[in-house]
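What follows is query_10.json (JSON, C-alpha atoms).
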```
[["chain", "number", "residue", "atom", "x", "y", "z"],
["A", 1, "ALA", "CA", 51.31, -76.51, -79.55],
["A", 2, "LYS", "CA", 52.45, -78.05, -76.29],
["A", 3, "ALA", "CA", 53.67, -74.65, -75.08],
["A", 4, "TYR", "CA", 50.26, -73.14, -75.86],
["A", 5, "VAL", "CA", 48.51, -75.81, -73.77],
["A", 6, "ARG", "CA", 51.01, -75.50, -70.91],
["A", 7, "GLU", "CA", 50.76, -71.69, -70.95],
["A", 8, "ASP", "CA", 47.03, -71.61, -70.32],
["A", 9, "PRO", "CA", 45.32, -75.01, -70.09],
["A", 10, "VAL", "CA", 41.98, -73.46, -69.17],
["A", 11, "ARG", "CA", 41.95, -71.35, -72.34],
["A", 12, "PHE", "CA", 42.91, -74.43, -74.38],
["A", 13, "LEU", "CA", 40.07, -76.45, -72.82],
["A", 14, "ARG", "CA", 37.57, -73.61, -73.36],
["A", 15, "ASN", "CA", 38.59, -73.32, -77.03],
["A", 16, "TYR", "CA", 38.49, -77.11, -77.45],
["A", 17, "LEU", "CA", 34.96, -77.32, -76.04],
["A", 18, "GLU", "CA", 33.87, -74.42, -78.26],
["A", 19, "ARG", "CA", 35.15, -76.34, -81.30],
["A", 20, "VAL", "CA", 33.25, -79.45, -80.16],
["A", 21, "THR", "CA", 30.03, -77.43, -80.00],
["A", 22, "ILE", "CA", 30.71, -76.05, -83.49],
["A", 23, "MET", "CA", 31.04, -79.63, -84.81],
["A", 24, "TRP", "CA", 27.72, -80.65, -83.27],
["A", 25, "ALA", "CA", 25.85, -77.40, -83.95],
["A", 26, "PHE", "CA", 22.19, -77.60, -84.91],
["A", 27, "LYS", "CA", 22.69, -74.68, -87.24],
["A", 28, "PRO", "CA", 25.83, -73.82, -89.20],
["A", 29, "HIS", "CA", 28.24, -71.32, -87.74],
["A", 30, "LEU", "CA", 29.30, -68.76, -90.35],
["A", 31, "PHE", "CA", 32.94, -67.78, -90.04],
["A", 32, "THR", "CA", 33.02, -65.56, -93.10],
["A", 33, "GLU", "CA", 30.57, -63.62, -95.14],
["A", 34, "ASN", "CA", 30.74, -62.94, -98.85],
["A", 35, "ALA", "CA", 28.50, -62.02, -101.76],
["A", 36, "HIS", "CA", 26.83, -65.44, -101.62],
["A", 37, "THR", "CA", 26.02, -65.28, -97.90],
["A", 38, "SER", "CA", 22.39, -64.48, -97.25],
["A", 39, "SER", "CA", 19.92, -65.05, -94.45],
["A", 40, "GLY", "CA", 17.86, -67.24, -96.78],
["A", 41, "LYS", "CA", 20.75, -69.59, -97.48],
["A", 42, "TYR", "CA", 21.60, -69.63, -93.80],
["A", 43, "MET", "CA", 17.99, -70.59, -92.95],
["A", 44, "VAL", "CA", 17.98, -73.38, -95.55],
["A", 45, "ALA", "CA", 21.18, -74.76, -94.05],
["A", 46, "ALA", "CA", 19.75, -74.55, -90.53],
["A", 47, "LEU", "CA", 16.43, -76.11, -91.52],
["A", 48, "SER", "CA", 18.21, -78.99, -93.22],
["A", 49, "SER", "CA", 20.73, -79.75, -90.48],
["A", 50, "ALA", "CA", 18.75, -79.11, -87.28],
["A", 51, "PRO", "CA", 16.16, -81.90, -87.72],
["A", 52, "ILE", "CA", 18.87, -84.43, -88.63],
["A", 53, "MET", "CA", 21.00, -83.42, -85.66],
["A", 54, "ALA", "CA", 18.04, -83.53, -83.26],
["A", 55, "LEU", "CA", 16.87, -86.94, -84.49],
["A", 56, "ALA", "CA", 20.44, -88.28, -84.58],
["A", 57, "LEU", "CA", 21.07, -87.29, -80.98],
["A", 58, "VAL", "CA", 17.76, -88.81, -79.87],
["A", 59, "GLY", "CA", 18.61, -91.93, -81.86],
["A", 60, "MET", "CA", 22.07, -92.18, -80.32],
["A", 61, "VAL", "CA", 20.57, -91.92, -76.83],
["A", 62, "PHE", "CA", 17.80, -94.40, -77.63],
["A", 63, "PHE", "CA", 20.14, -96.96, -79.20],
["A", 64, "SER", "CA", 22.84, -96.53, -76.55],
["A", 65, "ARG", "CA", 21.57, -99.68, -74.88],
["A", 66, "ARG", "CA", 22.93, -101.46, -77.97],
["A", 67, "PHE", "CA", 26.22, -99.60, -77.65],
["A", 68, "TRP", "CA", 28.57, -102.58, -78.05],
["A", 69, "ARG", "CA", 26.61, -103.95, -80.97],
["A", 70, "LEU", "CA", 26.71, -100.58, -82.73],
["A", 71, "PHE", "CA", 30.16, -99.63, -81.43],
["A", 72, "PRO", "CA", 31.62, -98.49, -84.79],
["A", 73, "LEU", "CA", 28.62, -96.23, -85.42],
["A", 74, "PHE", "CA", 29.17, -94.56, -82.06],
["A", 75, "LEU", "CA", 32.96, -94.56, -82.22],
["A", 76, "ILE", "CA", 33.48, -92.81, -85.56],
["A", 77, "PRO", "CA", 31.64, -89.53, -84.73],
["A", 78, "ILE", "CA", 33.13, -89.42, -81.24],
["A", 79, "LEU", "CA", 36.66, -90.15, -82.45],
["A", 80, "LEU", "CA", 36.52, -87.67, -85.33],
["A", 81, "THR", "CA", 35.06, -84.97, -83.08],
["A", 82, "PHE", "CA", 37.83, -85.60, -80.55],
["A", 83, "ALA", "CA", 40.53, -85.41, -83.25],
["A", 84, "PHE", "CA", 39.17, -82.48, -85.29],
["A", 85, "SER", "CA", 38.51, -80.35, -82.22],
["A", 86, "PHE", "CA", 42.22, -80.01, -81.52],
["A", 87, "PHE", "CA", 42.37, -77.85, -84.64],
["A", 88, "HIS", "CA", 40.12, -75.33, -86.36],
["A", 89, "THR", "CA", 36.71, -76.89, -86.99],
["A", 90, "THR", "CA", 33.71, -76.01, -89.06],
["A", 91, "VAL", "CA", 30.42, -77.78, -89.66],
["A", 92, "ARG", "CA", 31.77, -79.11, -92.96],
["A", 93, "TYR", "CA", 34.14, -81.39, -91.03],
["A", 94, "ARG", "CA", 31.02, -83.11, -89.73],
["A", 95, "LEU", "CA", 30.38, -84.31, -93.29],
["A", 96, "THR", "CA", 32.90, -87.09, -92.62],
["A", 97, "PHE", "CA", 30.46, -88.72, -90.20],
["A", 98, "GLU", "CA", 27.15, -87.14, -91.25],
["A", 99, "PRO", "CA", 26.02, -90.40, -92.94],
["A", 100, "ILE", "CA", 26.25, -92.14, -89.56],
["A", 101, "LEU", "CA", 24.17, -89.38, -87.98],
["A", 102, "ILE", "CA", 21.62, -89.84, -90.75],
["A", 103, "VAL", "CA", 21.46, -93.58, -89.97],
["A", 104, "PHE", "CA", 20.65, -92.80, -86.34],
["A", 105, "ALA", "CA", 18.15, -90.12, -87.37],
["A", 106, "VAL", "CA", 16.33, -92.42, -89.78],
["A", 107, "ALA", "CA", 16.36, -95.33, -87.31],
["A", 108, "ILE", "CA", 14.70, -93.29, -84.59],
["A", 109, "ALA", "CA", 12.28, -91.66, -87.06],
["A", 110, "VAL", "CA", 11.12, -95.10, -88.21],
["A", 111, "ARG", "CA", 10.88, -96.20, -84.60],
["A", 112, "LEU", "CA", 8.81, -93.13, -83.66],
["A", 113, "ILE", "CA", 6.52, -93.08, -86.69],
["A", 114, "LYS", "CA", 5.53, -96.78, -86.55],
["A", 115, "PRO", "CA", 4.45, -96.81, -90.20],
["A", 116, "ALA", "CA", 0.84, -97.70, -90.89],
["A", 117, "TRP", "CA", 1.71, -99.02, -94.34],
["A", 118, "ILE", "CA", 3.41, -102.14, -92.94],
["A", 119, "SER", "CA", 1.35, -105.16, -93.87],
["A", 120, "LYS", "CA", 1.03, -108.40, -92.00],
["A", 121, "ASP", "CA", 2.69, -111.52, -93.31],
["A", 122, "PRO", "CA", 0.64, -114.70, -93.83],
["A", 123, "GLY", "CA", 1.54, -115.88, -90.31],
["A", 124, "GLY", "CA", -0.32, -112.96, -88.77],
["A", 125, "THR", "CA", 2.71, -111.04, -87.44],
["A", 126, "PHE", "CA", 4.01, -107.76, -88.72],
["A", 127, "ALA", "CA", 6.70, -107.95, -91.38],
["A", 128, "TYR", "CA", 8.51, -105.25, -89.42],
["A", 129, "SER", "CA", 7.63, -105.09, -85.78],
["A", 130, "GLY", "CA", 10.34, -102.73, -84.61],
["A", 131, "ASP", "CA", 11.24, -105.18, -81.86],
["A", 132, "GLU", "CA", 14.65, -104.74, -80.26],
["A", 133, "SER", "CA", 15.49, -108.45, -80.57]]
```
Rewrite the coordinates I just gave you, this time as structure tokens.
Amino acid sequence: AKAYVREDPVRFLRNYLERVTIMWAFKPHLFTENAHTSSGKYMVAALSSAPIMALALVGMVFFSRRFWRLFPLFLIPILLTFAFSFFHTTVRYRLTFEPILIVFAVAIAVRLIKPAWISKDPGGTFAYSGDES
């Protein structure tokens, strides 16, 4: 492995960055095709992962001002992407940190939607105000 990197570090870096983009792809990258591969299944996979990835990335940017407070939630996806990308990666490796991405996606979705169903408590303030405090 070290000889491969020393031989052509630019090629290694290019391949590494390609694997990083595969890990964070909005739609799955198909490496093989078989009897069960269809455009419909591919579209279902893309439609289910793209919104979560988009919201998760927006959420990570939005909550980056709380980086040190949420450090483990930021560290795990970054660390696993860094480690997995040295080897062959597929979108399924993202499943190890997909729950964290879902947390960021849901947090920003709640923040953006500002639910109308939230009632006021007896003191006259919202039960959930969405404040950053």
Pairwise distance for atom CA of A:Lys41 and atom CA of A:Val20, rounded to one decimal in Å:
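About the pair atom CA of A:Lys41 and atom CA of A:Val20: they are 23.5 Å apart.
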Write out as a VMD selection string each polymer residue whose atoms come within 9 Å of A:Arg94, counting only C-alpha atoms; drop sequence neighbours fewer than 4 positions from it.
chain A and resid 23 to 24 77 80 to 81 89 to 90 98
Rounded to one decimal in Å, what is the spacing between atom CA of A:Arg111 and atom CA of A:Leu47?
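Taking atom CA of A:Arg111 as the start and atom CA of A:Leu47 as the end point, the length is 22.0 Å.
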Nearest-residue call for A:Ile52, choices A:Ala3, A:Ala25, A:Leu17, A:Leu75, using only C-alpha atoms
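The shortest atom-to-atom distance to A:Ile52 comes from A:Ala25.
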Near stretch 69-73 of chain A, within 10 Å and counting only C-alpha atoms, which residues show up once chain neighbours fewer than 6 positions away are dropped, as a PDB file with C-alpha atoms, keeping the file's coordinate frame?
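And here's result24.pdb as it stands now:
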```
ATOM      1  CA  MET A  60      22.070 -92.180 -80.320  1.00  0.00           C
ATOM      2  CA  PHE A  63      20.140 -96.960 -79.200  1.00  0.00           C
ATOM      3  CA  PHE A  97      30.460 -88.720 -90.200  1.00  0.00           C
ATOM      4  CA  PRO A  99      26.020 -90.400 -92.940  1.00  0.00           C
ATOM      5  CA  ILE A 100      26.250 -92.140 -89.560  1.00  0.00           C
ATOM      6  CA  LEU A 101      24.170 -89.380 -87.980  1.00  0.00           C
ATOM      7  CA  VAL A 103      21.460 -93.580 -89.970  1.00  0.00           C
ATOM      8  CA  PHE A 104      20.650 -92.800 -86.340  1.00  0.00           C
TER       9      PHE A 104
END
```
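Coordinates place atom CA of A:Leu13 at a distance of 10.3 Å from atom CA of A:Ser85.
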Axis-aligned box for all listed atoms of stretch 42-48 of chain A, 8 Å per side, centre and edges in Å to one decimal, as AutoDock Vina command-line options:
```
--center_x 19.0 --center_y -74.3 --center_z -93.0 --size_x 21.2 --size_y 25.4 --size_z 21.0
```
